[in-house]
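Enquirer: Please see the structure below; I have some questions.
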Amino acid sequence: MLSEFRDRMAEGDRADRLLAVMVDHRVAAGLVKRRGAVRTDSTHVLAAIRNLKRAELVTETLRAALEQVTLADEAWLAPMVTADWADRYGRPAIYHRLPKGKAALEEYALQVGADGMRLLRAVFSDQAPPRLRSLPQVDILRRVWVQQYWFDSSGRQRWREPKSTKDRLSRRNMPRRAASRPEAAGRPDPEKASVPWASMEIISPYDAEAHYSQKLTASGKKEWIGYRDHQSETCGDGPHVIVQVTTRPAPEQDIDALEQIRQNLVRQGFTDLEHFVDAGYITPESIDRAERAHGVVPTGPVRADPRAREHPGFTKADFTPNWQARTLTCPRGVTSHPWKATQGDGHERLSVLFPKPACRACEARQECTGTAEGRSRHIILLPQPLQEIQTRVRHEQETVTAVQAADCRWTSKRGPVSDFEC
């Protein structure tokens with residue numbers, strides 16, 4: 001009974017509509033105000049699935065598709081089933097039942113791949129009943145096979161390689177800096193076909209929207225498979241009530257959900273809000289975008305300069321920009337070369353390099369560059385409006401932390417100005 005109730009609540013947007021009705025009743029009772037302060041934070045949500053290794057995944061995906069096709073049209077499927085299919089797909093795939101050793105496991109995976117392709121070709125043939133193509137597990141089978149297998153130039157089905165840690169999505173379209181190197185660090189090898197990124201890869205045939213993600217927390221790195229849940233609650237005087245919940249794919253970062261959260265709050269009638277968020281939602285870009293789109297600036301700590309933690313010397317805030325001349329001046333009065341446009345994680349950035357002779361002769365070289373070698377200082381700036389926002393907010397949060405650390409909303413829960421506590 002309870003599981004059936006949860007299934008009905010999960011259909012469409014029923015849970016969100018029920019929450020909206022509850023909030024409306026609390027507003028009518030005077031327990032919740034639609035104007036004031038709201039705080040948003042995220043948590044991980046585990047999917048109710050088993051964590052499958054890749055060989056388990058393809059086996060279980062084909063097994064699930066065979067079961068659904070059997071229920072839909074057993075007579076059509078029966079001539080296709082071979083004697084060994086019952087051994088491979090007659091019971092749930094568990095790793096200790098699979099062949100041992102890398103070569104044997106890959107051979108097994110290729111056999112499963114061939115069986116899956118046989119079923120897909122039959123289902124999408126003109127002789128197959130059209131209704132079989134619309135079965136959910138058949139569509140998941142097709143997607144998983146695209147992600148886990150590929151065909152080489154000779155037409156042979158191949159098992160994809162694991163993801164490479166050096167193959168970063170944000171660097172794929174970046175120009176190579178070292179033309180002499182056959183493969184710049186962080187770029188994919190075009191001769192290898194790897195499984196897709198976590199934001200696309202299907203982890204289980206029973207929940208195709210659940211994905212793998214990880215997040216750094218105060219206690220270390222948190223890994224999970226499922227979703228990311230953003231909860232907004234009223235804060236300040238009166239009871240703290242969760243008024244809006246936004247569930248997003250697990251790999252999607254907090255900052256990418258902020259705009260949808262704001263729109264959902266406005267749709268529910270929460271306007272003129274003081275919106276408190278933690279560091280995961282705040283960047284200079286998000287502050288600028290929210291101010292222009294909604295006229296309300298989200299309040300939260302901008303990530304501190306990482307160099308300030310690594311080296312106690314000069315940080316970017318100690319350098320003075322000249323936006324007309326496109327230069328920076330260091331605390332010792334040395335002016336940089338004119339900066340050049342570059343890209344950082346797909347966004348526009350400005351690359352500033354100081355002259356090597358001046359840096360080598362400077363007495364504060366090691367304090368500034370963090371090394372005794374003859375390097376010059378290199379700084380990455382944001383475009384002018386964003387850089388000014390970053391500098392201002394960092395200065396404000398450092399000032400508030402130093403002066404009002406005993407009693408203010410900037411008190412950190414996990415270290416120097418990384419989160420809010422209402």
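Following the order of the structure tokens, chains are lettered A, B, ..., residues in each are numbered from 1, and ligands are numbered from 1.
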Excluding same-chain residues fewer than 6 positions from stretch 110-116 of chain A, what lies within 9 Å of it counting only C-alpha atoms, as a ChimeraX atom specification?
Expert: /A:55,58-59,62,85,88,141-142,145,148-149,157-159
Enquirer: Generate the output file for the selected residues, C-alpha atoms, as an mmCIF file, in the first residue's frame.
Expert:
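Result file follows (out_23.cif):
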```
data_model
loop_
_atom_site.group_PDB
_atom_site.id
_atom_site.type_symbol
_atom_site.label_atom_id
_atom_site.label_comp_id
_atom_site.auth_asym_id
_atom_site.auth_seq_id
_atom_site.Cartn_x
_atom_site.Cartn_y
_atom_site.Cartn_z
ATOM 1 C CA ALA A 55 29.370 -6.261 -17.347
ATOM 2 C CA VAL A 58 24.711 -4.783 -19.960
ATOM 3 C CA THR A 59 23.556 -8.229 -18.812
ATOM 4 C CA LEU A 62 19.266 -7.102 -21.834
ATOM 5 C CA TRP A 85 20.116 -17.283 -23.260
ATOM 6 C CA ARG A 88 22.892 -15.805 -19.199
ATOM 7 C CA LEU A 141 18.616 -1.196 -24.168
ATOM 8 C CA ARG A 142 19.288 0.883 -27.286
ATOM 9 C CA TRP A 145 24.301 -0.292 -26.164
ATOM 10 C CA GLN A 148 28.845 0.679 -23.890
ATOM 11 C CA TYR A 149 29.617 -0.618 -27.421
ATOM 12 C CA GLN A 157 31.304 -4.638 -32.447
ATOM 13 C CA ARG A 158 33.732 -3.486 -29.731
ATOM 14 C CA TRP A 159 33.577 -2.982 -25.945
#
```
Enquirer: Show me, as a PyMOL selection string, the residues that have an atom within 10 Å of A:Thr320 when counting only C-alpha atoms, minus same-chain residues fewer than 3 positions from it.
Expert: chain A and resi 316-317+323+327-331+333+335
Enquirer: Can you tell me, as a PyMOL selection string, which residues in stretch 120-369 of chain A count as strand (DSSP E or B) by DSSP?
Expert: chain A and resi 149-151+157-159+161+194+211-217+220-235+242-249+273-277+299+320-322+327-329+335+340-344+347-353
Enquirer: Which residues, written as number ranges by chain, have at least one atom at most 9 Å from stretch 217-232 of chain A, with only C-alpha atoms counted and residues fewer than 3 positions away on the same chain left out?
Expert: A: 38-49, 51, 203, 207, 209-214, 241-254, 257, 261, 265, 413-415
Enquirer: State, in Å with one decimal place, the distance from atom CA of A:Leu98 to atom CA of A:Ala72.
Expert: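 If I compute the distance from atom CA of A:Leu98 to atom CA of A:Ala72, I get 28.7 Å.
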Enquirer: Would you mind telling me which residue in A:Glu274, A:Asp318, A:Glu348, A:Asp84 lies nearest to A:Pro298 when using only C-alpha atoms?
Expert: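 Checking each of A:Glu274, A:Asp318, A:Glu348, A:Asp84 against A:Pro298, counting only C-alpha atoms, the winner is A:Glu274.
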Enquirer: Can you pull out the residues contacting A:Val195? Cut-off 8 Å, using only C-alpha atoms, and skip same-chain residues under 5 positions away; I want them as number ranges by chain.
Expert: A: 147-148, 160-163, 201
Enquirer: Go ahead and save the picked residues with C-alpha atoms, as a PDB file, in the first residue's frame.
Expert:
```
ATOM      1  CA  GLN A 147      27.075   3.992 -24.508  1.00  0.00           C
ATOM      2  CA  GLN A 148      28.845   0.679 -23.890  1.00  0.00           C
ATOM      3  CA  ARG A 160      34.191   0.656 -25.032  1.00  0.00           C
ATOM      4  CA  GLU A 161      37.159   1.756 -22.935  1.00  0.00           C
ATOM      5  CA  PRO A 162      36.643   3.184 -19.422  1.00  0.00           C
ATOM      6  CA  LYS A 163      36.597   6.949 -18.992  1.00  0.00           C
ATOM      7  CA  GLU A 201      25.857   7.389 -18.635  1.00  0.00           C
TER       8      GLU A 201
END
```
Enquirer: Running DSSP on the backbone, which parts of stretch 12-184 of chain A land in alpha helix (DSSP H), as a PyMOL selection string?
Expert: chain A and resi 14-28+54-77+83-89+102-123+136-148
Enquirer: Could you state the separation of atom CA of A:Glu106 and atom CA of A:Val146 in Å, given to one decimal place?
Expert: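 Atom CA of A:Val146 lies at a distance of 16.6 Å from atom CA of A:Glu106.
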Enquirer: Rounded to one decimal, what separation in Å do you get between atom CA of A:Pro301 and atom CA of A:Asn264?
Expert: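 Computed distance, atom CA of A:Pro301 to atom CA of A:Asn264, equals 22.7 Å.
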Enquirer: Which residues are near A:Asp272? Cut-off 8 Å, only C-alpha atoms, ignore same chain within fewer than 2 positions. Put them as number ranges by chain.
Expert: A: 35-36, 270, 274, 296
Enquirer: Using C-alpha atoms, can you write the selected residues to a file as a PDB file, in the first residue's frame?
Expert:
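Written file, selection_29.pdb:
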```pdb
ATOM      1  CA  ARG A  35       8.119  38.045   1.553  1.00  0.00           C
ATOM      2  CA  GLY A  36      11.202  37.901   3.708  1.00  0.00           C
ATOM      3  CA  PHE A 270       7.638  34.297  -3.226  1.00  0.00           C
ATOM      4  CA  GLU A 274      16.346  37.969   0.568  1.00  0.00           C
ATOM      5  CA  VAL A 296      17.451  40.489  -6.321  1.00  0.00           C
TER       6      VAL A 296
END
```
Enquirer: Do you know which residues are at most 9 Å from A:Gln390 counting only C-alpha atoms, after dropping those on the same chain fewer than 4 positions away, and could you put them as a list in words?
Expert: Thr283, Pro284, Val302, Arg303, Leu382, Pro385, Leu386, Arg394 and His395 of chain A
